[in-house]
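Data file: work_20.txt. Format and content: compact mmCIF, N, CA and C atoms and all ligand atoms.
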# COMPACT_ATOMS: atom_id res chain seq x y z
N MET A 1 89.39 31.77 -51.73
CA MET A 1 88.84 32.34 -50.53
C MET A 1 87.35 32.02 -50.45
N ASN A 2 86.93 31.62 -49.31
CA ASN A 2 85.49 31.36 -49.25
C ASN A 2 84.71 32.63 -48.89
N LEU A 3 83.43 32.54 -49.09
CA LEU A 3 82.54 33.70 -48.97
C LEU A 3 82.60 34.33 -47.57
N PHE A 4 82.75 33.50 -46.57
CA PHE A 4 82.76 33.99 -45.19
C PHE A 4 83.95 34.92 -44.94
N VAL A 5 85.12 34.50 -45.44
CA VAL A 5 86.34 35.31 -45.28
C VAL A 5 86.18 36.66 -45.99
N ILE A 6 85.62 36.58 -47.22
CA ILE A 6 85.40 37.83 -47.97
C ILE A 6 84.48 38.76 -47.20
N LEU A 7 83.42 38.19 -46.63
CA LEU A 7 82.46 38.98 -45.86
C LEU A 7 83.12 39.66 -44.66
N ILE A 8 83.98 38.93 -43.96
CA ILE A 8 84.70 39.48 -42.80
C ILE A 8 85.59 40.65 -43.25
N ILE A 9 86.29 40.47 -44.37
CA ILE A 9 87.18 41.53 -44.87
C ILE A 9 86.37 42.78 -45.23
N VAL A 10 85.26 42.57 -45.94
CA VAL A 10 84.40 43.71 -46.33
C VAL A 10 83.91 44.45 -45.09
N LEU A 11 83.47 43.68 -44.08
CA LEU A 11 82.98 44.31 -42.83
C LEU A 11 84.08 45.11 -42.14
N ALA A 12 85.30 44.53 -42.12
CA ALA A 12 86.42 45.22 -41.48
C ALA A 12 86.72 46.54 -42.18
N VAL A 13 86.68 46.51 -43.51
CA VAL A 13 86.96 47.73 -44.28
C VAL A 13 85.90 48.80 -43.98
N ILE A 14 84.64 48.38 -43.92
CA ILE A 14 83.54 49.32 -43.63
C ILE A 14 83.73 49.95 -42.24
N ILE A 15 84.09 49.11 -41.28
CA ILE A 15 84.27 49.62 -39.90
C ILE A 15 85.43 50.62 -39.84
N ILE A 16 86.54 50.28 -40.51
CA ILE A 16 87.69 51.18 -40.51
C ILE A 16 87.33 52.52 -41.17
N PHE A 17 86.64 52.46 -42.30
CA PHE A 17 86.26 53.69 -43.00
C PHE A 17 85.33 54.55 -42.17
N SER A 18 84.35 53.95 -41.53
CA SER A 18 83.41 54.77 -40.77
C SER A 18 84.10 55.35 -39.53
N TYR A 19 85.05 54.62 -38.96
CA TYR A 19 85.81 55.12 -37.82
C TYR A 19 86.65 56.33 -38.24
N GLN A 20 87.30 56.19 -39.42
CA GLN A 20 88.11 57.30 -39.95
C GLN A 20 87.25 58.53 -40.25
N ALA A 21 86.08 58.29 -40.83
CA ALA A 21 85.19 59.40 -41.17
C ALA A 21 84.76 60.15 -39.91
N LYS A 22 84.50 59.40 -38.85
CA LYS A 22 84.09 60.01 -37.59
C LYS A 22 85.23 60.84 -37.00
N LYS A 23 86.45 60.24 -37.10
CA LYS A 23 87.64 60.93 -36.58
C LYS A 23 87.88 62.24 -37.34
N ASN A 24 87.72 62.17 -38.67
CA ASN A 24 87.91 63.37 -39.50
C ASN A 24 86.92 64.46 -39.16
N LYS A 25 85.66 64.06 -38.94
CA LYS A 25 84.63 65.03 -38.58
C LYS A 25 84.98 65.72 -37.26
N LYS A 26 85.47 64.92 -36.31
CA LYS A 26 85.83 65.46 -35.01
C LYS A 26 86.97 66.46 -35.15
N LYS A 27 87.96 66.11 -35.98
CA LYS A 27 89.10 66.99 -36.22
C LYS A 27 88.64 68.30 -36.85
N LYS A 28 87.80 68.19 -37.88
CA LYS A 28 87.27 69.39 -38.54
C LYS A 28 86.48 70.22 -37.54
N GLY A 29 85.73 69.53 -36.66
CA GLY A 29 84.96 70.23 -35.62
C GLY A 29 85.87 71.05 -34.72
N GLU A 30 87.03 70.49 -34.35
CA GLU A 30 87.97 71.22 -33.49
C GLU A 30 88.47 72.48 -34.18
N VAL A 31 88.71 72.38 -35.48
CA VAL A 31 89.16 73.55 -36.26
C VAL A 31 88.08 74.63 -36.23
N VAL A 32 86.81 74.21 -36.43
CA VAL A 32 85.70 75.17 -36.45
C VAL A 32 85.53 75.82 -35.08
N VAL A 33 85.71 75.03 -34.00
CA VAL A 33 85.62 75.58 -32.64
C VAL A 33 86.64 76.70 -32.46
N ARG A 34 87.87 76.45 -32.94
CA ARG A 34 88.91 77.50 -32.81
C ARG A 34 88.56 78.73 -33.63
N GLU A 35 87.97 78.50 -34.80
CA GLU A 35 87.55 79.64 -35.64
C GLU A 35 86.46 80.47 -34.95
N ILE A 36 85.51 79.75 -34.33
CA ILE A 36 84.43 80.46 -33.62
C ILE A 36 85.01 81.26 -32.46
N GLN A 37 85.95 80.65 -31.73
CA GLN A 37 86.59 81.36 -30.62
C GLN A 37 87.24 82.67 -31.09
N LYS A 38 87.99 82.58 -32.19
CA LYS A 38 88.66 83.78 -32.72
C LYS A 38 87.65 84.83 -33.15
N LEU A 39 86.55 84.38 -33.78
CA LEU A 39 85.51 85.32 -34.21
C LEU A 39 84.86 86.03 -33.02
N TYR A 40 84.66 85.28 -31.91
CA TYR A 40 84.10 85.92 -30.72
C TYR A 40 85.03 86.97 -30.15
N TRP A 41 86.35 86.66 -30.12
CA TRP A 41 87.30 87.67 -29.62
C TRP A 41 87.24 88.91 -30.49
N LYS A 42 87.15 88.69 -31.83
CA LYS A 42 87.08 89.79 -32.77
C LYS A 42 85.77 90.59 -32.57
N LEU A 43 84.67 89.87 -32.39
CA LEU A 43 83.37 90.52 -32.19
C LEU A 43 83.40 91.36 -30.91
N ASN A 44 83.95 90.78 -29.83
CA ASN A 44 84.01 91.50 -28.55
C ASN A 44 84.81 92.80 -28.70
N ASP A 45 85.98 92.71 -29.34
CA ASP A 45 86.82 93.90 -29.53
C ASP A 45 86.09 94.93 -30.39
N THR A 46 85.29 94.44 -31.33
CA THR A 46 84.60 95.34 -32.25
C THR A 46 83.42 96.06 -31.57
N VAL A 47 82.65 95.35 -30.74
CA VAL A 47 81.45 95.97 -30.17
C VAL A 47 81.73 96.93 -29.02
N ILE A 48 82.80 96.71 -28.27
CA ILE A 48 83.06 97.53 -27.07
C ILE A 48 83.02 99.04 -27.38
N PRO A 49 83.70 99.53 -28.41
CA PRO A 49 83.64 100.98 -28.66
C PRO A 49 82.36 101.45 -29.38
N LEU A 50 81.49 100.51 -29.77
CA LEU A 50 80.31 100.89 -30.55
C LEU A 50 79.06 101.16 -29.72
N TYR A 51 78.92 100.45 -28.61
CA TYR A 51 77.65 100.51 -27.86
C TYR A 51 77.85 101.07 -26.45
N ASN A 52 76.76 101.60 -25.90
CA ASN A 52 76.76 102.19 -24.55
C ASN A 52 76.62 101.12 -23.47
N PHE A 53 77.58 100.23 -23.36
CA PHE A 53 77.47 99.16 -22.35
C PHE A 53 77.51 99.74 -20.95
N LYS A 54 76.71 99.12 -20.07
CA LYS A 54 76.72 99.51 -18.66
C LYS A 54 77.02 98.26 -17.84
N LYS A 55 77.63 98.47 -16.67
CA LYS A 55 77.86 97.31 -15.80
C LYS A 55 76.53 96.76 -15.31
N CYS A 56 76.54 95.54 -14.83
CA CYS A 56 75.30 94.88 -14.41
C CYS A 56 74.66 95.63 -13.24
N PRO A 57 73.38 96.04 -13.36
CA PRO A 57 72.73 96.79 -12.28
C PRO A 57 72.42 95.90 -11.06
N THR A 58 72.43 94.58 -11.25
CA THR A 58 72.10 93.68 -10.15
C THR A 58 73.33 93.34 -9.31
N CYS A 59 74.43 92.96 -9.97
CA CYS A 59 75.59 92.49 -9.20
C CYS A 59 76.83 93.35 -9.41
N GLY A 60 76.76 94.30 -10.32
CA GLY A 60 77.91 95.20 -10.52
C GLY A 60 79.02 94.64 -11.37
N SER A 61 78.86 93.42 -11.89
CA SER A 61 79.91 92.82 -12.71
C SER A 61 80.09 93.56 -14.03
N LYS A 62 81.32 93.54 -14.53
CA LYS A 62 81.60 94.15 -15.84
C LYS A 62 81.92 93.09 -16.89
N ALA A 63 81.79 91.82 -16.50
CA ALA A 63 82.05 90.72 -17.45
C ALA A 63 80.73 90.36 -18.12
N MET A 64 80.71 90.47 -19.44
CA MET A 64 79.47 90.31 -20.18
C MET A 64 79.62 89.31 -21.33
N ASN A 65 78.46 88.83 -21.81
CA ASN A 65 78.42 87.97 -23.00
C ASN A 65 77.46 88.59 -24.01
N ILE A 66 77.87 88.64 -25.25
CA ILE A 66 76.97 89.14 -26.29
C ILE A 66 75.92 88.07 -26.56
N ARG A 67 74.66 88.50 -26.62
CA ARG A 67 73.59 87.57 -26.99
C ARG A 67 73.16 87.79 -28.43
N ASN A 68 72.90 89.04 -28.79
CA ASN A 68 72.44 89.30 -30.16
C ASN A 68 72.51 90.78 -30.51
N ILE A 69 72.98 91.04 -31.71
CA ILE A 69 72.91 92.40 -32.23
C ILE A 69 71.60 92.49 -33.01
N SER A 70 70.85 93.57 -32.83
CA SER A 70 69.55 93.69 -33.51
C SER A 70 69.75 93.72 -35.03
N PRO A 71 68.70 93.37 -35.79
CA PRO A 71 68.83 93.32 -37.26
C PRO A 71 69.28 94.64 -37.89
N THR A 72 68.97 95.77 -37.23
CA THR A 72 69.41 97.06 -37.77
C THR A 72 70.78 97.47 -37.23
N GLY A 73 71.23 96.77 -36.20
CA GLY A 73 72.51 97.12 -35.57
C GLY A 73 72.40 98.26 -34.58
N LYS A 74 71.20 98.79 -34.39
CA LYS A 74 71.02 99.96 -33.52
C LYS A 74 71.08 99.62 -32.04
N SER A 75 70.87 98.35 -31.72
CA SER A 75 70.97 97.96 -30.31
C SER A 75 71.58 96.57 -30.19
N ILE A 76 72.02 96.27 -28.97
CA ILE A 76 72.64 94.96 -28.73
C ILE A 76 72.10 94.40 -27.42
N GLU A 77 71.86 93.10 -27.42
CA GLU A 77 71.41 92.43 -26.21
C GLU A 77 72.62 91.68 -25.66
N TYR A 78 72.87 91.85 -24.37
CA TYR A 78 74.00 91.15 -23.75
C TYR A 78 73.59 90.68 -22.37
N SER A 79 74.39 89.82 -21.78
CA SER A 79 74.02 89.33 -20.46
C SER A 79 75.22 89.31 -19.53
N CYS A 80 74.92 89.42 -18.26
CA CYS A 80 75.96 89.42 -17.23
C CYS A 80 76.53 88.01 -17.10
N GLU A 81 77.84 87.92 -17.17
CA GLU A 81 78.52 86.63 -17.04
C GLU A 81 78.31 86.05 -15.63
N HIS A 82 78.17 86.95 -14.65
CA HIS A 82 78.11 86.52 -13.26
C HIS A 82 76.72 86.07 -12.84
N CYS A 83 75.67 86.88 -13.13
CA CYS A 83 74.32 86.53 -12.65
C CYS A 83 73.31 86.27 -13.78
N ASP A 84 73.79 86.32 -15.04
CA ASP A 84 72.93 86.01 -16.20
C ASP A 84 71.85 87.03 -16.50
N GLU A 85 71.86 88.16 -15.81
CA GLU A 85 70.85 89.18 -16.12
C GLU A 85 71.02 89.64 -17.58
N VAL A 86 69.86 89.69 -18.28
CA VAL A 86 69.89 90.11 -19.68
C VAL A 86 69.72 91.63 -19.77
N LEU A 87 70.62 92.27 -20.50
CA LEU A 87 70.63 93.73 -20.61
C LEU A 87 70.64 94.10 -22.08
N SER A 88 70.30 95.35 -22.36
CA SER A 88 70.47 95.80 -23.73
C SER A 88 70.90 97.26 -23.72
N CYS A 89 71.54 97.69 -24.79
CA CYS A 89 71.95 99.09 -24.90
C CYS A 89 71.98 99.48 -26.36
N THR A 90 72.18 100.77 -26.60
CA THR A 90 72.07 101.28 -27.97
C THR A 90 73.43 101.62 -28.56
N LEU A 91 73.41 101.72 -29.87
CA LEU A 91 74.59 102.12 -30.63
C LEU A 91 74.93 103.57 -30.30
N ILE A 92 76.21 103.85 -30.11
CA ILE A 92 76.64 105.23 -29.86
C ILE A 92 76.44 106.01 -31.16
N SER A 93 75.86 107.20 -31.06
CA SER A 93 75.50 107.91 -32.29
C SER A 93 76.73 108.21 -33.14
N GLY A 94 76.57 108.00 -34.44
CA GLY A 94 77.67 108.21 -35.38
C GLY A 94 78.51 106.97 -35.64
N LYS A 95 78.31 105.91 -34.84
CA LYS A 95 79.10 104.68 -35.04
C LYS A 95 78.43 103.77 -36.07
N ASN A 96 79.25 103.02 -36.77
CA ASN A 96 78.74 102.10 -37.80
C ASN A 96 78.81 100.65 -37.30
N PRO A 97 77.66 99.99 -37.19
CA PRO A 97 77.64 98.64 -36.62
C PRO A 97 77.92 97.54 -37.65
N ARG A 98 78.14 97.91 -38.93
CA ARG A 98 78.19 96.92 -40.00
C ARG A 98 79.21 95.80 -39.76
N LYS A 99 80.43 96.18 -39.33
CA LYS A 99 81.47 95.17 -39.14
C LYS A 99 81.06 94.15 -38.06
N ALA A 100 80.50 94.68 -36.95
CA ALA A 100 80.06 93.79 -35.86
C ALA A 100 78.95 92.86 -36.34
N MET A 101 78.02 93.40 -37.13
CA MET A 101 76.92 92.58 -37.64
C MET A 101 77.45 91.49 -38.57
N HIS A 102 78.46 91.85 -39.35
CA HIS A 102 79.06 90.88 -40.26
C HIS A 102 79.73 89.74 -39.48
N ILE A 103 80.46 90.09 -38.43
CA ILE A 103 81.13 89.05 -37.63
C ILE A 103 80.09 88.15 -36.97
N GLN A 104 79.00 88.77 -36.47
CA GLN A 104 77.93 87.97 -35.85
C GLN A 104 77.36 86.95 -36.86
N GLU A 105 77.17 87.39 -38.11
CA GLU A 105 76.68 86.48 -39.15
C GLU A 105 77.66 85.34 -39.39
N GLU A 106 78.97 85.69 -39.42
CA GLU A 106 80.01 84.67 -39.61
C GLU A 106 79.94 83.62 -38.50
N ILE A 107 79.75 84.10 -37.25
CA ILE A 107 79.67 83.18 -36.11
C ILE A 107 78.46 82.25 -36.27
N LYS A 108 77.31 82.81 -36.67
CA LYS A 108 76.11 81.99 -36.84
C LYS A 108 76.33 80.90 -37.89
N MET A 109 76.99 81.25 -38.99
CA MET A 109 77.28 80.27 -40.05
C MET A 109 78.21 79.17 -39.54
N LYS A 110 79.23 79.60 -38.76
CA LYS A 110 80.20 78.62 -38.22
C LYS A 110 79.52 77.67 -37.23
N ILE A 111 78.57 78.19 -36.46
CA ILE A 111 77.87 77.33 -35.49
C ILE A 111 77.03 76.29 -36.24
N ILE A 112 76.41 76.70 -37.35
CA ILE A 112 75.64 75.75 -38.17
C ILE A 112 76.58 74.68 -38.73
N GLU A 113 77.75 75.13 -39.19
CA GLU A 113 78.76 74.20 -39.73
C GLU A 113 79.21 73.20 -38.65
N LEU A 114 79.45 73.74 -37.45
CA LEU A 114 79.90 72.89 -36.35
C LEU A 114 78.84 71.87 -35.96
N ARG A 115 77.57 72.32 -35.92
CA ARG A 115 76.48 71.41 -35.56
C ARG A 115 76.37 70.28 -36.57
N ALA A 116 76.58 70.59 -37.85
CA ALA A 116 76.53 69.56 -38.89
C ALA A 116 77.66 68.55 -38.72
N LEU A 117 78.80 69.01 -38.19
CA LEU A 117 79.94 68.12 -38.01
C LEU A 117 79.84 67.26 -36.76
N ILE A 118 79.46 67.86 -35.65
CA ILE A 118 79.52 67.11 -34.39
C ILE A 118 78.18 67.02 -33.65
N GLY A 119 77.11 67.55 -34.25
CA GLY A 119 75.78 67.40 -33.65
C GLY A 119 75.67 67.97 -32.26
N ASP A 120 75.05 67.23 -31.37
CA ASP A 120 74.75 67.73 -30.03
C ASP A 120 75.98 67.90 -29.15
N GLU A 121 77.10 67.32 -29.57
CA GLU A 121 78.33 67.49 -28.80
C GLU A 121 78.74 68.95 -28.70
N ILE A 122 78.12 69.77 -29.55
CA ILE A 122 78.44 71.20 -29.59
C ILE A 122 78.32 71.83 -28.20
N HIS A 123 77.42 71.28 -27.37
CA HIS A 123 77.21 71.85 -26.03
C HIS A 123 78.39 71.59 -25.10
N ASN A 124 79.24 70.63 -25.46
CA ASN A 124 80.40 70.34 -24.60
C ASN A 124 81.60 71.21 -24.93
N LYS A 125 81.47 72.00 -25.99
CA LYS A 125 82.60 72.81 -26.42
C LYS A 125 82.70 74.07 -25.57
N ASN A 126 83.88 74.28 -25.01
CA ASN A 126 84.06 75.47 -24.21
C ASN A 126 84.59 76.61 -25.07
N ILE A 127 83.70 77.49 -25.44
CA ILE A 127 84.11 78.66 -26.19
C ILE A 127 83.93 79.85 -25.26
N ASP A 128 85.02 80.57 -25.05
CA ASP A 128 84.98 81.71 -24.13
C ASP A 128 84.43 82.93 -24.87
N ILE A 129 83.21 83.35 -24.50
CA ILE A 129 82.60 84.46 -25.22
C ILE A 129 82.53 85.72 -24.34
N THR A 130 83.15 85.66 -23.17
CA THR A 130 83.04 86.78 -22.22
C THR A 130 83.97 87.94 -22.57
N PHE A 131 83.47 89.15 -22.39
CA PHE A 131 84.32 90.32 -22.54
C PHE A 131 84.08 91.27 -21.37
N LYS A 132 85.04 92.14 -21.14
CA LYS A 132 84.94 93.09 -20.03
C LYS A 132 84.67 94.48 -20.56
N ILE A 133 83.65 95.13 -20.00
CA ILE A 133 83.38 96.51 -20.41
C ILE A 133 84.21 97.45 -19.54
N ASN A 134 84.34 98.70 -19.98
CA ASN A 134 85.17 99.66 -19.24
C ASN A 134 84.46 100.20 -17.98
ZN ZN A 201 75.09 90.54 -12.82

Just give me the structure as structure tokens.
Amino acid sequence: MNLFVILIIVLAVIIIFSYQAKKNKKKKGEVVVREIQKLYWKLNDTVIPLYNFKKCPTCGSKAMNIRNISPTGKSIEYSCEHCDEVLSCTLISGKNPRKAMHIQEEIKMKIIELRALIGDEIHNKNIDITFKIN
């Protein structure tokens, strides 16, 4: 075999491997997206009975998105799904925010993991984070 043929074979192998690696990352990314989605559903179910959520004072919508639970868990920042107004409310007295805070941390870790896998494509992922208050 001459050197040129060997070079072509080596190049082909490199291309196939890098293509496979990219495909694997994308697949792993899809798994992480589904995990994040499940964590958001869990977080939404967990926070609803814990905090004094109010409907949006601007548009009256009850569809909300969690933005951030405070470091102490005593308050939560959320926003209206409809008009994006940012709202906050406090923990109902006697309730323990620990589980919700833990899930929020899990979501943050998963988002870091996802960003490492698929980079800026993360913005194209449709993760439904909306929940309805009573
Ligand atoms: Zn609104």

Expected selection as a compact mmCIF listing (two decimals) with N, CA and C atoms, keeping the file's coordinate frame for ligand ZN 201 (chain A) within 6.5 Å, only N, CA and C atoms and all ligand atoms:
# COMPACT_ATOMS: atom_id res chain seq x y z
N CYS A 56 76.54 95.54 -14.83
CA CYS A 56 75.30 94.88 -14.41
C CYS A 56 74.66 95.63 -13.24
N PRO A 57 73.38 96.04 -13.36
CA PRO A 57 72.73 96.79 -12.28
C PRO A 57 72.42 95.90 -11.06
N THR A 58 72.43 94.58 -11.25
CA THR A 58 72.10 93.68 -10.15
C THR A 58 73.33 93.34 -9.31
N CYS A 59 74.43 92.96 -9.97
CA CYS A 59 75.59 92.49 -9.20
C CYS A 59 76.83 93.35 -9.41
N GLY A 60 76.76 94.30 -10.32
CA GLY A 60 77.91 95.20 -10.52
C GLY A 60 79.02 94.64 -11.37
N SER A 61 78.86 93.42 -11.89
CA SER A 61 79.91 92.82 -12.71
C SER A 61 80.09 93.56 -14.03
N CYS A 80 74.92 89.42 -18.26
CA CYS A 80 75.96 89.42 -17.23
C CYS A 80 76.53 88.01 -17.10
N GLU A 81 77.84 87.92 -17.17
CA GLU A 81 78.52 86.63 -17.04
C GLU A 81 78.31 86.05 -15.63
N HIS A 82 78.17 86.95 -14.65
CA HIS A 82 78.11 86.52 -13.26
C HIS A 82 76.72 86.07 -12.84
N CYS A 83 75.67 86.88 -13.13
CA CYS A 83 74.32 86.53 -12.65
C CYS A 83 73.31 86.27 -13.78
N ASP A 84 73.79 86.32 -15.04
CA ASP A 84 72.93 86.01 -16.20
C ASP A 84 71.85 87.03 -16.50
N GLU A 85 71.86 88.16 -15.81
CA GLU A 85 70.85 89.18 -16.12
C GLU A 85 71.02 89.64 -17.58

Excluding same-chain residues fewer than 4 positions from stretch 97-102 of chain A, what lies within 9 Å of it counting only C-alpha atoms, as a PDB file with N, CA and C atoms, in the coordinates of the input?
ATOM      1  N   LYS A  42      87.150  88.690 -31.830  1.00  0.00           N
ATOM      2  CA  LYS A  42      87.080  89.790 -32.770  1.00  0.00           C
ATOM      3  C   LYS A  42      85.770  90.590 -32.570  1.00  0.00           C
ATOM      4  N   LEU A  43      84.670  89.870 -32.390  1.00  0.00           N
ATOM      5  CA  LEU A  43      83.370  90.520 -32.190  1.00  0.00           C
ATOM      6  C   LEU A  43      83.400  91.360 -30.910  1.00  0.00           C
ATOM      7  N   ASN A  44      83.950  90.780 -29.830  1.00  0.00           N
ATOM      8  CA  ASN A  44      84.010  91.500 -28.550  1.00  0.00           C
ATOM      9  C   ASN A  44      84.810  92.800 -28.700  1.00  0.00           C
ATOM     10  N   THR A  46      85.290  94.440 -31.330  1.00  0.00           N
ATOM     11  CA  THR A  46      84.600  95.340 -32.250  1.00  0.00           C
ATOM     12  C   THR A  46      83.420  96.060 -31.570  1.00  0.00           C
ATOM     13  N   VAL A  47      82.650  95.350 -30.740  1.00  0.00           N
ATOM     14  CA  VAL A  47      81.450  95.970 -30.170  1.00  0.00           C
ATOM     15  C   VAL A  47      81.730  96.930 -29.020  1.00  0.00           C
ATOM     16  N   LEU A  50      81.490 100.510 -29.770  1.00  0.00           N
ATOM     17  CA  LEU A  50      80.310 100.890 -30.550  1.00  0.00           C
ATOM     18  C   LEU A  50      79.060 101.160 -29.720  1.00  0.00           C
ATOM     19  N   TYR A  51      78.920 100.450 -28.610  1.00  0.00           N
ATOM     20  CA  TYR A  51      77.650 100.510 -27.860  1.00  0.00           C
ATOM     21  C   TYR A  51      77.850 101.070 -26.450  1.00  0.00           C
ATOM     22  N   ILE A  69      72.980  91.040 -31.710  1.00  0.00           N
ATOM     23  CA  ILE A  69      72.910  92.400 -32.230  1.00  0.00           C
ATOM     24  C   ILE A  69      71.600  92.490 -33.010  1.00  0.00           C
ATOM     25  N   SER A  70      70.850  93.570 -32.830  1.00  0.00           N
ATOM     26  CA  SER A  70      69.550  93.690 -33.510  1.00  0.00           C
ATOM     27  C   SER A  70      69.750  93.720 -35.030  1.00  0.00           C
ATOM     28  N   PRO A  71      68.700  93.370 -35.790  1.00  0.00           N
ATOM     29  CA  PRO A  71      68.830  93.320 -37.260  1.00  0.00           C
ATOM     30  C   PRO A  71      69.280  94.640 -37.890  1.00  0.00           C
ATOM     31  N   THR A  72      68.970  95.770 -37.230  1.00  0.00           N
ATOM     32  CA  THR A  72      69.410  97.060 -37.770  1.00  0.00           C
ATOM     33  C   THR A  72      70.780  97.470 -37.230  1.00  0.00           C
ATOM     34  N   GLY A  73      71.230  96.770 -36.200  1.00  0.00           N
ATOM     35  CA  GLY A  73      72.510  97.120 -35.570  1.00  0.00           C
ATOM     36  C   GLY A  73      72.400  98.260 -34.580  1.00  0.00           C
ATOM     37  N   LYS A  74      71.200  98.790 -34.390  1.00  0.00           N
ATOM     38  CA  LYS A  74      71.020  99.960 -33.520  1.00  0.00           C
ATOM     39  C   LYS A  74      71.080  99.620 -32.040  1.00  0.00           C
ATOM     40  N   LEU A  91      73.410 101.720 -29.870  1.00  0.00           N
ATOM     41  CA  LEU A  91      74.590 102.120 -30.630  1.00  0.00           C
ATOM     42  C   LEU A  91      74.930 103.570 -30.300  1.00  0.00           C
ATOM     43  N   GLU A 106      78.970  85.690 -39.420  1.00  0.00           N
ATOM     44  CA  GLU A 106      80.010  84.670 -39.610  1.00  0.00           C
ATOM     45  C   GLU A 106      79.940  83.620 -38.500  1.00  0.00           C
ATOM     46  N   ILE A 107      79.750  84.100 -37.250  1.00  0.00           N
ATOM     47  CA  ILE A 107      79.670  83.180 -36.110  1.00  0.00           C
ATOM     48  C   ILE A 107      78.460  82.250 -36.270  1.00  0.00           C
TER      49      ILE A 107
END

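Going from atom N of A:Asp128 to atom C of A:Asn52 covers 22.3 Å.
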
Shell of 8 Å around A:Ile66, only C-alpha atoms, local chain residues under 3 positions omitted, as a PyMOL selection string: chain A and resi 44+69+76-79+129-130

Interatomic distance, atom CA of A:Lys22 to atom C of A:Lys110 (Å, one decimal):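 So the answer is 18.2 Å.
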
From stretch 59-106 of chain A, collect each residue whose DSSP state is helix (DSSP H, G or I) and return the set as a VMD selection string. chain A and resid 98 to 106

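A straight line drawn from atom N of A:Lys38 to atom N of A:Ser93 is 27.5 Å long.
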